[in-house]
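K.L.:
Take a look at protein-v4.cif, mmCIF, C-alpha atoms and all ligand atoms:
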```
data_structure
#
loop_
_atom_site.label_atom_id
_atom_site.label_comp_id
_atom_site.auth_asym_id
_atom_site.auth_seq_id
_atom_site.Cartn_x
_atom_site.Cartn_y
_atom_site.Cartn_z
CA MET A 1 0.00 0.00 0.00
CA ILE A 2 1.38 3.41 -0.97
CA ASP A 3 0.79 5.43 2.17
CA TYR A 4 3.54 7.97 1.57
CA LYS A 5 3.75 11.21 -0.37
CA LEU A 6 6.04 11.25 -3.40
CA HIS A 7 8.73 13.93 -3.42
CA ILE A 8 11.01 12.00 -5.76
CA PRO A 9 11.66 13.73 -9.11
CA GLY A 10 9.16 11.62 -10.93
CA PRO A 11 6.70 10.12 -10.90
CA VAL A 12 5.46 12.89 -8.64
CA ASN A 13 2.37 13.10 -6.48
CA VAL A 14 -0.91 13.11 -8.41
CA ALA A 15 -3.76 15.25 -7.04
CA PRO A 16 -7.08 13.49 -6.27
CA GLU A 17 -8.88 15.79 -8.75
CA THR A 18 -6.52 14.65 -11.51
CA TYR A 19 -7.31 11.00 -10.73
CA GLN A 20 -10.97 11.97 -10.62
CA ALA A 21 -10.80 13.53 -14.10
CA MET A 22 -9.32 10.28 -15.37
CA THR A 23 -12.40 8.32 -14.34
CA THR A 24 -14.43 9.99 -17.10
CA PRO A 25 -15.68 7.08 -19.25
CA VAL A 26 -13.67 6.18 -22.34
CA MET A 27 -15.13 6.58 -25.81
CA GLY A 28 -14.22 5.23 -29.22
CA HIS A 29 -11.00 6.83 -30.36
CA ARG A 30 -12.49 7.47 -33.80
CA SER A 31 -15.66 9.03 -32.37
CA ASN A 32 -16.67 12.68 -32.43
CA ASP A 33 -16.44 12.66 -28.64
CA PHE A 34 -12.78 11.81 -28.84
CA VAL A 35 -12.13 14.41 -31.51
CA GLU A 36 -13.81 16.94 -29.25
CA LEU A 37 -11.54 16.01 -26.32
CA TYR A 38 -8.42 16.06 -28.51
CA GLN A 39 -9.34 19.44 -30.01
CA ALA A 40 -10.19 20.84 -26.59
CA CYS A 41 -6.60 20.28 -25.45
CA GLN A 42 -4.96 21.86 -28.50
CA PRO A 43 -5.34 25.60 -27.86
CA ASN A 44 -4.01 25.27 -24.32
CA LEU A 45 -1.19 23.00 -25.45
CA LYS A 46 -0.14 25.46 -28.15
CA LYS A 47 -0.14 28.29 -25.64
CA LEU A 48 1.86 26.28 -23.15
CA PHE A 49 4.41 25.19 -25.78
CA GLN A 50 4.38 28.75 -27.18
CA THR A 51 4.02 27.44 -30.69
CA GLU A 52 1.94 27.42 -33.85
CA ASP A 53 3.01 23.84 -34.56
CA PRO A 54 0.71 20.90 -33.83
CA VAL A 55 1.11 19.18 -30.45
CA PHE A 56 0.89 15.39 -30.62
CA LEU A 57 -0.12 12.96 -27.90
CA SER A 58 1.81 9.72 -27.75
CA THR A 59 0.73 6.75 -25.69
CA SER A 60 4.14 5.94 -24.33
CA SER A 61 6.53 7.28 -21.81
CA ALA A 62 8.93 10.00 -22.94
CA TRP A 63 11.48 7.47 -24.14
CA GLY A 64 9.12 6.39 -26.90
CA VAL A 65 9.29 9.78 -28.57
CA MET A 66 12.96 10.28 -27.64
CA GLU A 67 13.74 7.15 -29.62
CA GLY A 68 11.19 8.13 -32.26
CA ALA A 69 12.84 11.52 -32.79
CA VAL A 70 16.15 9.86 -33.59
CA ARG A 71 14.51 7.38 -35.96
CA ASN A 72 12.55 10.14 -37.74
CA LEU A 73 15.14 12.85 -38.04
CA SER A 74 18.67 11.68 -38.70
CA ARG A 75 20.14 10.64 -42.05
CA LYS A 76 23.77 11.55 -41.33
CA LYS A 77 24.86 11.58 -37.71
CA VAL A 78 23.39 12.48 -34.34
CA LEU A 79 25.22 14.59 -31.78
CA CYS A 80 23.97 13.73 -28.30
CA CYS A 81 24.67 16.33 -25.61
CA MET A 82 25.50 14.22 -22.55
CA CYS A 83 25.37 15.59 -19.03
CA GLY A 84 23.50 13.02 -16.93
CA ALA A 85 21.67 9.70 -16.98
CA PHE A 86 18.92 10.56 -19.46
CA SER A 87 21.08 12.48 -21.91
CA ASP A 88 23.83 9.83 -21.72
CA LYS A 89 21.29 7.12 -22.49
CA TRP A 90 20.15 9.00 -25.60
CA LEU A 91 23.48 8.20 -27.29
CA ASP A 92 23.03 4.51 -26.52
CA VAL A 93 19.46 4.64 -27.83
CA SER A 94 20.60 6.37 -31.05
CA LEU A 95 23.22 3.67 -31.66
CA ARG A 96 20.67 0.93 -30.92
CA CYS A 97 18.44 2.48 -33.59
CA GLY A 98 21.27 1.88 -36.04
CA LYS A 99 22.12 5.56 -36.35
CA GLN A 100 25.58 7.04 -36.47
CA ALA A 101 26.01 9.07 -33.30
CA ASP A 102 28.60 10.82 -31.15
CA GLY A 103 28.47 12.44 -27.74
CA LEU A 104 29.36 15.88 -26.51
CA GLN A 105 30.01 14.82 -22.95
CA VAL A 106 30.53 16.66 -19.66
CA ASP A 107 30.61 15.34 -16.09
CA TRP A 108 27.29 14.86 -14.31
CA GLY A 109 26.19 18.12 -12.76
CA ASN A 110 27.93 20.25 -15.40
CA HIS A 111 26.09 22.04 -18.18
CA ILE A 112 26.51 21.87 -21.94
CA ASP A 113 28.65 24.77 -23.08
CA PRO A 114 27.17 26.53 -26.13
CA GLU A 115 30.68 27.31 -27.44
CA GLU A 116 31.65 23.63 -27.36
CA LEU A 117 28.47 22.81 -29.21
CA ARG A 118 29.27 25.40 -31.88
CA LYS A 119 32.73 23.89 -32.35
CA ARG A 120 31.36 20.39 -32.74
CA LEU A 121 28.62 21.43 -35.17
CA SER A 122 31.08 23.39 -37.29
CA SER A 123 32.50 20.08 -38.56
CA GLY A 124 29.31 19.71 -40.62
CA GLU A 125 29.04 16.02 -39.68
CA TYR A 126 25.79 16.24 -37.82
CA ASP A 127 22.17 16.66 -38.86
CA LEU A 128 20.49 16.14 -35.47
CA VAL A 129 21.23 17.29 -31.92
CA THR A 130 19.62 15.78 -28.83
CA LEU A 131 19.58 17.80 -25.63
CA VAL A 132 17.99 17.25 -22.24
CA HIS A 133 17.00 20.69 -20.97
CA ASN A 134 16.71 19.74 -17.32
CA GLU A 135 18.84 16.74 -16.34
CA THR A 136 16.64 15.20 -13.70
CA SER A 137 19.36 12.78 -12.62
CA CYS A 138 21.57 15.59 -11.34
CA GLY A 139 19.22 18.57 -10.95
CA MET A 140 20.97 20.62 -13.62
CA MET A 141 19.22 22.92 -16.06
CA ASN A 142 21.06 23.66 -19.30
CA PRO A 143 21.22 27.25 -20.65
CA LEU A 144 18.69 26.50 -23.36
CA GLU A 145 18.31 30.02 -24.74
CA GLU A 146 22.07 30.29 -25.41
CA ILE A 147 22.20 26.76 -26.80
CA MET A 148 19.32 27.48 -29.17
CA ALA A 149 21.09 30.63 -30.37
CA VAL A 150 23.98 28.40 -31.46
CA LEU A 151 21.69 25.82 -33.04
CA ARG A 152 19.99 28.52 -35.12
CA GLU A 153 23.38 29.14 -36.79
CA PHE A 154 23.18 25.63 -38.28
CA PRO A 155 20.02 25.39 -40.38
CA GLU A 156 20.84 21.82 -41.49
CA VAL A 157 20.82 20.62 -37.89
CA ILE A 158 17.48 19.63 -36.36
CA SER A 159 17.14 20.10 -32.59
CA VAL A 160 15.30 17.74 -30.26
CA ILE A 161 14.83 19.05 -26.75
CA ASP A 162 13.69 16.90 -23.84
CA THR A 163 11.78 19.04 -21.36
CA VAL A 164 10.37 16.15 -19.33
CA SER A 165 11.13 17.77 -15.97
CA SER A 166 11.08 21.44 -16.97
CA PHE A 167 7.98 21.84 -19.14
CA SER A 168 5.57 24.32 -17.50
CA VAL A 169 8.17 25.03 -14.79
CA VAL A 170 10.07 27.73 -16.69
CA PRO A 171 9.16 29.53 -19.94
CA ILE A 172 10.38 27.68 -23.04
CA PRO A 173 9.22 29.66 -26.10
CA LYS A 174 9.47 26.92 -28.73
CA ASP A 175 8.88 28.97 -31.87
CA GLU A 176 10.81 32.03 -30.75
CA TRP A 177 13.90 29.97 -29.92
CA GLY A 178 13.56 27.82 -33.04
CA ILE A 179 13.26 24.47 -31.28
CA ASP A 180 12.37 21.81 -33.86
CA VAL A 181 11.07 19.08 -31.61
CA ILE A 182 10.18 19.56 -27.97
CA LEU A 183 8.90 16.68 -25.89
CA THR A 184 7.70 15.98 -22.39
CA GLY A 185 6.05 13.25 -20.34
CA SER A 186 3.02 13.14 -18.08
CA GLN A 187 4.47 11.99 -14.76
CA LYS A 188 6.98 14.70 -13.97
CA ALA A 189 6.41 18.44 -14.20
CA LEU A 190 2.79 17.94 -15.31
CA ALA A 191 1.99 15.81 -12.24
CA MET A 192 -0.12 13.19 -13.97
CA PRO A 193 0.30 9.42 -13.83
CA PRO A 194 2.83 7.98 -16.30
CA GLY A 195 1.93 6.77 -19.79
CA LEU A 196 1.46 9.84 -21.97
CA ALA A 197 4.11 11.80 -23.85
CA LEU A 198 3.58 15.14 -25.60
CA LEU A 199 5.61 16.31 -28.55
CA CYS A 200 5.57 19.23 -30.88
CA VAL A 201 7.24 19.12 -34.29
CA SER A 202 8.34 21.98 -36.57
CA GLU A 203 7.77 22.22 -40.32
CA ARG A 204 11.52 21.78 -40.88
CA ALA A 205 11.48 18.57 -38.88
CA PHE A 206 8.55 17.19 -40.91
CA LYS A 207 10.49 17.94 -44.11
CA ARG A 208 13.43 16.01 -42.71
CA ALA A 209 11.23 13.09 -41.65
CA GLU A 210 9.89 12.87 -45.21
CA GLU A 211 13.44 12.16 -46.38
CA VAL A 212 14.33 9.60 -43.71
CA GLU A 213 13.82 5.87 -44.19
CA GLY A 214 13.06 3.46 -41.38
CA ARG A 215 10.84 5.71 -39.29
CA GLY A 216 8.78 2.69 -38.27
CA TYR A 217 5.06 3.06 -37.55
CA TYR A 218 4.26 3.67 -33.88
CA PHE A 219 6.39 6.81 -33.56
CA ASP A 220 6.31 7.97 -37.18
CA PHE A 221 5.93 11.75 -37.02
CA LEU A 222 4.15 11.79 -40.39
CA GLU A 223 1.52 9.34 -39.06
CA PHE A 224 1.01 11.65 -36.08
CA ARG A 225 0.54 14.61 -38.39
CA LYS A 226 -1.89 12.81 -40.69
CA ASN A 227 -4.07 11.75 -37.74
CA HIS A 228 -3.74 15.08 -35.98
CA GLU A 229 -5.42 16.75 -38.95
CA LYS A 230 -8.52 14.69 -38.08
CA GLY A 231 -8.21 15.35 -34.34
CA MET A 232 -6.95 11.84 -33.69
CA THR A 233 -3.91 9.78 -32.80
CA PRO A 234 -2.39 7.01 -34.98
CA SER A 235 -3.40 4.17 -32.65
CA THR A 236 -5.74 3.82 -29.66
CA PRO A 237 -4.48 6.35 -27.13
CA VAL A 238 -4.53 6.24 -23.35
CA ILE A 239 -7.85 8.07 -23.17
CA PRO A 240 -8.02 8.39 -19.35
CA LEU A 241 -4.71 10.26 -19.37
CA ILE A 242 -6.01 12.59 -22.08
CA HIS A 243 -8.99 13.38 -19.83
CA GLY A 244 -6.40 13.98 -17.11
CA LEU A 245 -4.40 16.21 -19.45
CA ASN A 246 -7.43 18.31 -20.33
CA HIS A 247 -8.10 18.80 -16.62
CA THR A 248 -4.44 19.61 -15.91
CA LEU A 249 -4.28 22.17 -18.73
CA ASN A 250 -7.37 23.94 -17.44
CA LYS A 251 -5.86 23.95 -13.97
CA ILE A 252 -2.60 25.42 -15.28
CA PHE A 253 -4.41 28.25 -17.06
CA ASP A 254 -6.66 28.87 -14.03
CA GLU A 255 -3.54 29.41 -11.95
CA GLY A 256 -1.87 31.33 -14.77
CA VAL A 257 1.31 30.21 -16.50
CA GLU A 258 3.44 33.00 -15.06
CA ALA A 259 2.11 32.35 -11.57
CA ARG A 260 2.98 28.69 -12.03
CA HIS A 261 6.53 29.60 -13.02
CA SER A 262 6.88 31.92 -10.01
CA ARG A 263 5.49 29.27 -7.68
CA HIS A 264 8.09 26.76 -8.86
CA ALA A 265 10.91 29.29 -8.52
CA TYR A 266 9.80 30.17 -5.01
CA LEU A 267 9.38 26.57 -3.83
CA ASN A 268 12.72 25.64 -5.33
CA GLN A 269 14.39 28.51 -3.48
CA MET A 270 12.85 27.21 -0.23
CA VAL A 271 14.71 23.93 -0.78
CA HIS A 272 17.93 25.76 -1.66
CA ASP A 273 17.67 27.74 1.57
CA TRP A 274 17.20 24.52 3.54
CA VAL A 275 20.25 23.01 1.83
CA ALA A 276 22.42 26.01 2.73
CA GLU A 277 21.15 26.12 6.29
CA LYS A 278 22.07 22.46 6.86
CA GLY A 279 25.54 22.94 5.41
CA PHE A 280 24.90 20.86 2.31
CA GLN A 281 25.84 21.90 -1.23
CA LEU A 282 24.04 21.70 -4.54
CA LEU A 283 25.49 19.29 -7.10
CA PRO A 284 25.38 21.77 -10.02
CA GLU A 285 26.60 25.33 -9.90
CA LYS A 286 23.85 27.53 -8.48
CA GLN A 287 23.42 29.30 -11.82
CA PHE A 288 22.56 26.01 -13.54
CA ALA A 289 20.49 24.49 -10.76
CA SER A 290 17.14 23.11 -11.81
CA LYS A 291 13.95 24.91 -10.79
CA SER A 292 11.84 21.77 -10.53
CA LEU A 293 13.99 19.65 -8.28
CA THR A 294 17.07 19.99 -6.12
CA CYS A 295 20.01 17.62 -6.32
CA VAL A 296 22.00 17.88 -3.11
CA ARG A 297 25.60 16.75 -2.72
CA ASN A 298 26.03 14.55 0.34
CA ASN A 299 29.07 16.56 1.41
CA LEU A 300 28.28 15.89 5.09
CA GLU A 301 28.50 12.17 4.31
CA ILE A 302 25.40 11.20 6.23
CA ASP A 303 23.87 7.73 5.98
CA LEU A 304 21.62 8.67 3.07
CA ALA A 305 19.90 5.31 2.68
CA GLY A 306 19.05 5.38 6.40
CA PHE A 307 17.75 8.94 6.16
CA VAL A 308 15.64 8.31 3.07
CA ASN A 309 14.18 5.13 4.60
CA LYS A 310 13.36 6.72 7.90
CA LEU A 311 11.69 9.68 6.19
CA ARG A 312 9.52 7.28 4.22
CA GLU A 313 8.77 4.76 6.99
CA GLU A 314 8.14 7.21 9.81
CA ARG A 315 7.12 10.45 8.14
CA LYS A 316 5.49 8.99 5.04
CA ILE A 317 7.46 11.09 2.57
CA SER A 318 9.54 9.65 -0.23
CA ILE A 319 12.60 11.50 -1.57
CA ASP A 320 15.31 10.04 -3.79
CA GLY A 321 18.66 8.78 -2.50
CA GLY A 322 20.61 9.39 -5.71
CA TYR A 323 20.30 8.30 -9.34
CA GLY A 324 22.42 5.40 -10.59
CA LYS A 325 26.08 6.04 -9.96
CA MET A 326 25.13 9.01 -7.73
CA LYS A 327 23.38 6.78 -5.18
CA GLY A 328 24.55 7.66 -1.68
CA LYS A 329 26.47 10.64 -3.04
CA THR A 330 23.48 12.88 -3.73
CA PHE A 331 19.82 13.08 -2.86
CA ARG A 332 17.04 14.66 -4.83
CA ILE A 333 13.90 16.48 -3.81
CA SER A 334 11.12 17.39 -6.22
CA ASN A 335 9.09 20.59 -6.11
CA MET A 336 7.33 19.80 -9.39
CA GLY A 337 3.67 19.77 -10.21
CA ASP A 338 1.11 20.76 -7.60
CA GLU A 339 3.38 21.49 -4.64
CA THR A 340 2.59 24.54 -2.54
CA THR A 341 4.28 26.56 0.19
CA GLU A 342 2.37 24.40 2.71
CA THR A 343 3.44 21.05 1.27
CA MET A 344 7.07 22.15 0.90
CA THR A 345 7.13 23.62 4.41
CA HIS A 346 5.82 20.32 5.70
CA LEU A 347 8.43 18.35 3.73
CA LEU A 348 11.35 20.48 4.92
CA GLY A 349 10.09 20.41 8.51
CA GLN A 350 9.90 16.61 8.46
CA MET A 351 13.34 16.38 6.84
CA ASP A 352 14.72 18.66 9.57
CA GLU A 353 13.39 16.46 12.34
CA VAL A 354 14.54 13.18 10.81
CA MET A 355 17.90 14.70 9.85
CA THR A 356 18.91 15.40 13.46
CA ASP A 357 19.48 11.65 13.97
CA PHE A 358 21.82 11.54 10.99
CA MET A 359 23.87 14.70 11.35
CA PRO A 360 27.54 14.34 12.30
CA SER A 361 27.99 15.44 15.91
C1 LIG A 401 12.10 10.75 -16.52
C2 LIG A 401 12.84 11.35 -17.65
C3 LIG A 401 12.91 10.72 -18.90
C4 LIG A 401 12.35 9.36 -19.17
O1 LIG A 401 11.01 9.34 -19.04
P1 LIG A 401 10.20 7.97 -19.17
O2 LIG A 401 8.88 8.44 -18.79
O3 LIG A 401 10.80 7.00 -18.19
O4 LIG A 401 10.33 7.51 -20.55
C5 LIG A 401 13.57 11.36 -19.91
N1 LIG A 401 14.16 12.54 -19.71
C6 LIG A 401 14.14 13.16 -18.54
C7 LIG A 401 14.81 14.49 -18.39
C8 LIG A 401 13.47 12.59 -17.46
O5 LIG A 401 13.45 13.22 -16.29
#
```
Output the file's structure in the form of structure tokens.
Ligand SMILES: *Cc1c(COP(=O)(O)O)cnc(C)c1O
P.N.:
Amino acid sequence: MIDYKLHIPGPVNVAPETYQAMTTPVMGHRSNDFVELYQACQPNLKKLFQTEDPVFLSTSSAWGVMEGAVRNLSRKKVLCCMCGAFSDKWLDVSLRCGKQADGLQVDWGNHIDPEELRKRLSSGEYDLVTLVHNETSCGMMNPLEEIMAVLREFPEVISVIDTVSSFSVVPIPKDEWGIDVILTGSQKALAMPPGLALLCVSERAFKRAEEVEGRGYYFDFLEFRKNHEKGMTPSTPVIPLIHGLNHTLNKIFDEGVEARHSRHAYLNQMVHDWVAEKGFQLLPEKQFASKSLTCVRNNLEIDLAGFVNKLREERKISIDGGYGKMKGKTFRISNMGDETTETMTHLLGQMDEVMTDFMPS
């Protein structure tokens, strides 16, 4: 029985009203009722993505469309910007898709340097760049605006930006910055259950896809576009999550997008203040720290597994004890989704109390 509150950086806590919205009965996915639901989401999605391009709904987790983007968009060679677990994996996924691919790699916690990217792209070898905006594994947010300025210098290079844990947390003006493909998933910053991915594809990217062989079927961007024109998805979608999405979008616009951004910035700062007060350090440089989660260096060398367990067992709150090779060395706290000053104050208060048993004397 899950009797604890999720504060791990995904999946995050889902509000009862979101679950409630998902209990709306399903309908045929070729029915007018479905088309109505699909169309109802579009204006809000376009506003949120800050785009005129169509926004597609994929019944998959984010990785489905991350893999799909590579399969749809590269004929020459992919350059994968690698700065954490998800972005590192994207190189492996590209190679597994039979693509030629290289990495532009920095240590976990560091950001991708736009100058380095310019140097690598100047070779003319690459036709696709993959970038994770907010590396959830190490709580680092890349300087996307500066990176996009470099990418715009290379019109032959298509950009694919993963915003799984930053979408709706900070402004990401897709069209203004010239992002070709932007994608996100349901269970992180949007605070829905897992199983739905959203992606938005530029005209340039469609042109590229038309020239690429081996796009497959399930994630073929041209199939998405063809069905989108009818207000539908290529195959039977996860309709309950689309009901959930419609509800979530209305909620986001009721709060106001700017207010949502400010709320995330404020809650994130609360965690940063707690970190400083305890004598911990952030993993990334402050300037590149994520706004949706905090990745804390275990510089005090506390028994992290013990702390995380006790917080979950006794205080019914689940945080993360470090991703992959960072286990025990960092811990991560999410402020994504529906968190409020009250819920974050509660979290930090509980962490304070449990922490006293683990602090070096
Ligand atoms: C969680 C996450 C993913 C993978 O999402 P899945 O839903 O597991 O496919 C990809 N990128 C980032 C930045 C993530 O945080």
K.L.:
Distance atom CA of A:Asp113-atom CA of A:Thr136, one decimal place?
P.N.:
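Pair atom CA of A:Asp113 / atom CA of A:Thr136 returns 18.0 Å.
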K.L.:
Please check which residues have atoms at most 9 Å from (-14.5, 10.3, -25.6) in the file's coordinates, counting only C-alpha atoms, and write them as an mmCIF file with C-alpha atoms, in the frame of the given file.
P.N.:
```cif
data_model
loop_
_atom_site.group_PDB
_atom_site.id
_atom_site.type_symbol
_atom_site.label_atom_id
_atom_site.label_comp_id
_atom_site.auth_asym_id
_atom_site.auth_seq_id
_atom_site.Cartn_x
_atom_site.Cartn_y
_atom_site.Cartn_z
ATOM 1 C CA THR A 24 -14.430 9.990 -17.100
ATOM 2 C CA PRO A 25 -15.680 7.080 -19.250
ATOM 3 C CA VAL A 26 -13.670 6.180 -22.340
ATOM 4 C CA MET A 27 -15.130 6.580 -25.810
ATOM 5 C CA GLY A 28 -14.220 5.230 -29.220
ATOM 6 C CA HIS A 29 -11.000 6.830 -30.360
ATOM 7 C CA ARG A 30 -12.490 7.470 -33.800
ATOM 8 C CA SER A 31 -15.660 9.030 -32.370
ATOM 9 C CA ASN A 32 -16.670 12.680 -32.430
ATOM 10 C CA ASP A 33 -16.440 12.660 -28.640
ATOM 11 C CA PHE A 34 -12.780 11.810 -28.840
ATOM 12 C CA VAL A 35 -12.130 14.410 -31.510
ATOM 13 C CA GLU A 36 -13.810 16.940 -29.250
ATOM 14 C CA LEU A 37 -11.540 16.010 -26.320
ATOM 15 C CA TYR A 38 -8.420 16.060 -28.510
ATOM 16 C CA ILE A 239 -7.850 8.070 -23.170
ATOM 17 C CA HIS A 243 -8.990 13.380 -19.830
#
```
K.L.:
Hey, which residues sit close to ligand LIG 401 (chain A)? Say within 10 Å, counting all atoms listed in the file, and write them as a tab-separated table (two decimals) with C-alpha atoms, in the frame of the given file.
P.N.:
```tsv
chain	number	residue	atom	x	y	z
A	9	PRO	CA	11.66	13.73	-9.11
A	10	GLY	CA	9.16	11.62	-10.93
A	11	PRO	CA	6.70	10.12	-10.90
A	60	SER	CA	4.14	5.94	-24.33
A	61	SER	CA	6.53	7.28	-21.81
A	62	ALA	CA	8.93	10.00	-22.94
A	63	TRP	CA	11.48	7.47	-24.14
A	64	GLY	CA	9.12	6.39	-26.90
A	65	VAL	CA	9.29	9.78	-28.57
A	66	MET	CA	12.96	10.28	-27.64
A	67	GLU	CA	13.74	7.15	-29.62
A	84	GLY	CA	23.50	13.02	-16.93
A	85	ALA	CA	21.67	9.70	-16.98
A	86	PHE	CA	18.92	10.56	-19.46
A	87	SER	CA	21.08	12.48	-21.91
A	89	LYS	CA	21.29	7.12	-22.49
A	90	TRP	CA	20.15	9.00	-25.60
A	131	LEU	CA	19.58	17.80	-25.63
A	132	VAL	CA	17.99	17.25	-22.24
A	133	HIS	CA	17.00	20.69	-20.97
A	134	ASN	CA	16.71	19.74	-17.32
A	135	GLU	CA	18.84	16.74	-16.34
A	136	THR	CA	16.64	15.20	-13.70
A	137	SER	CA	19.36	12.78	-12.62
A	138	CYS	CA	21.57	15.59	-11.34
A	139	GLY	CA	19.22	18.57	-10.95
A	140	MET	CA	20.97	20.62	-13.62
A	141	MET	CA	19.22	22.92	-16.06
A	161	ILE	CA	14.83	19.05	-26.75
A	162	ASP	CA	13.69	16.90	-23.84
A	163	THR	CA	11.78	19.04	-21.36
A	164	VAL	CA	10.37	16.15	-19.33
A	165	SER	CA	11.13	17.77	-15.97
A	166	SER	CA	11.08	21.44	-16.97
A	183	LEU	CA	8.90	16.68	-25.89
A	184	THR	CA	7.70	15.98	-22.39
A	185	GLY	CA	6.05	13.25	-20.34
A	186	SER	CA	3.02	13.14	-18.08
A	187	GLN	CA	4.47	11.99	-14.76
A	188	LYS	CA	6.98	14.70	-13.97
A	189	ALA	CA	6.41	18.44	-14.20
A	193	PRO	CA	0.30	9.42	-13.83
A	194	PRO	CA	2.83	7.98	-16.30
A	195	GLY	CA	1.93	6.77	-19.79
A	196	LEU	CA	1.46	9.84	-21.97
A	197	ALA	CA	4.11	11.80	-23.85
```
K.L.:
Report as a tab-separated table: every residue of stretch 28-133 of chain A with an atom at most 10 Å from stretch 246-257 of chain A, its closest pair of atoms, and their distance in Å to one decimal, counting all atoms listed in the file, with rows sorted by chain and ascending residue number.
P.N.:
```
residue	atom	partner	partner_atom	distance
A:Leu37	CA	A:Asn246	CA	7.6
A:Tyr38	CA	A:Asn246	CA	8.5
A:Gln39	CA	A:Asn246	CA	9.9
A:Ala40	CA	A:Asn246	CA	7.3
A:Cys41	CA	A:Asn246	CA	5.5
A:Gln42	CA	A:Asn246	CA	9.2
A:Pro43	CA	A:Leu249	CA	9.8
A:Asn44	CA	A:Leu249	CA	6.4
A:Leu45	CA	A:Leu249	CA	7.4
A:Lys47	CA	A:Val257	CA	9.5
A:Leu48	CA	A:Val257	CA	7.7
```
K.L.:
Could you jot down the atom CA of A:Asn110 to atom CA of A:Arg263 separation for me, Å, one decimal place?
P.N.:
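Those two atoms sit 25.4 Å apart.
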K.L.:
Tell me which of A:Tyr126, A:Phe49, A:Trp177, A:Tyr217 sits closest to A:Ala101, counting all atoms listed in the file.
P.N.:
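Once distances to A:Ala101 are computed over all atoms listed in the file, the minimum belongs to A:Tyr126.
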K.L.:
What separation in Å, quoted to one decimal, exists between atom CA of A:Ile147 and atom CA of A:Val160?
P.N.:
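Calculated distance between atom CA of A:Ile147 and atom CA of A:Val160 is 11.9 Å.
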K.L.:
Within 9 Å of (-11.6, 17.9, -11.3) in the file's own coordinates, which protein, DNA or RNA residues have an atom, counting all atoms listed in the file? List them as a list in words.
P.N.:
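Residues found, by chain and rising number: Pro16, Glu17, Thr18, Tyr19, Gln20, Ala21, Met22, Gly244, His247, Thr248 and Lys251 of chain A.
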K.L.:
Here is a test: counting only C-alpha atoms, which residue of A:Gly337, A:Gly109, A:Gly349, A:Gly68 is nearest to A:Ser168?
P.N.:
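Closest to A:Ser168, using only C-alpha atoms: A:Gly337.
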K.L.:
For a quick check of understanding, using all atoms listed in the file, which of A:Ile333, A:Ile8, A:Leu241, A:Cys97 has the smallest distance to A:His272?
P.N.:
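Counting all atoms listed in the file, the residue closest to A:His272 is A:Ile333.
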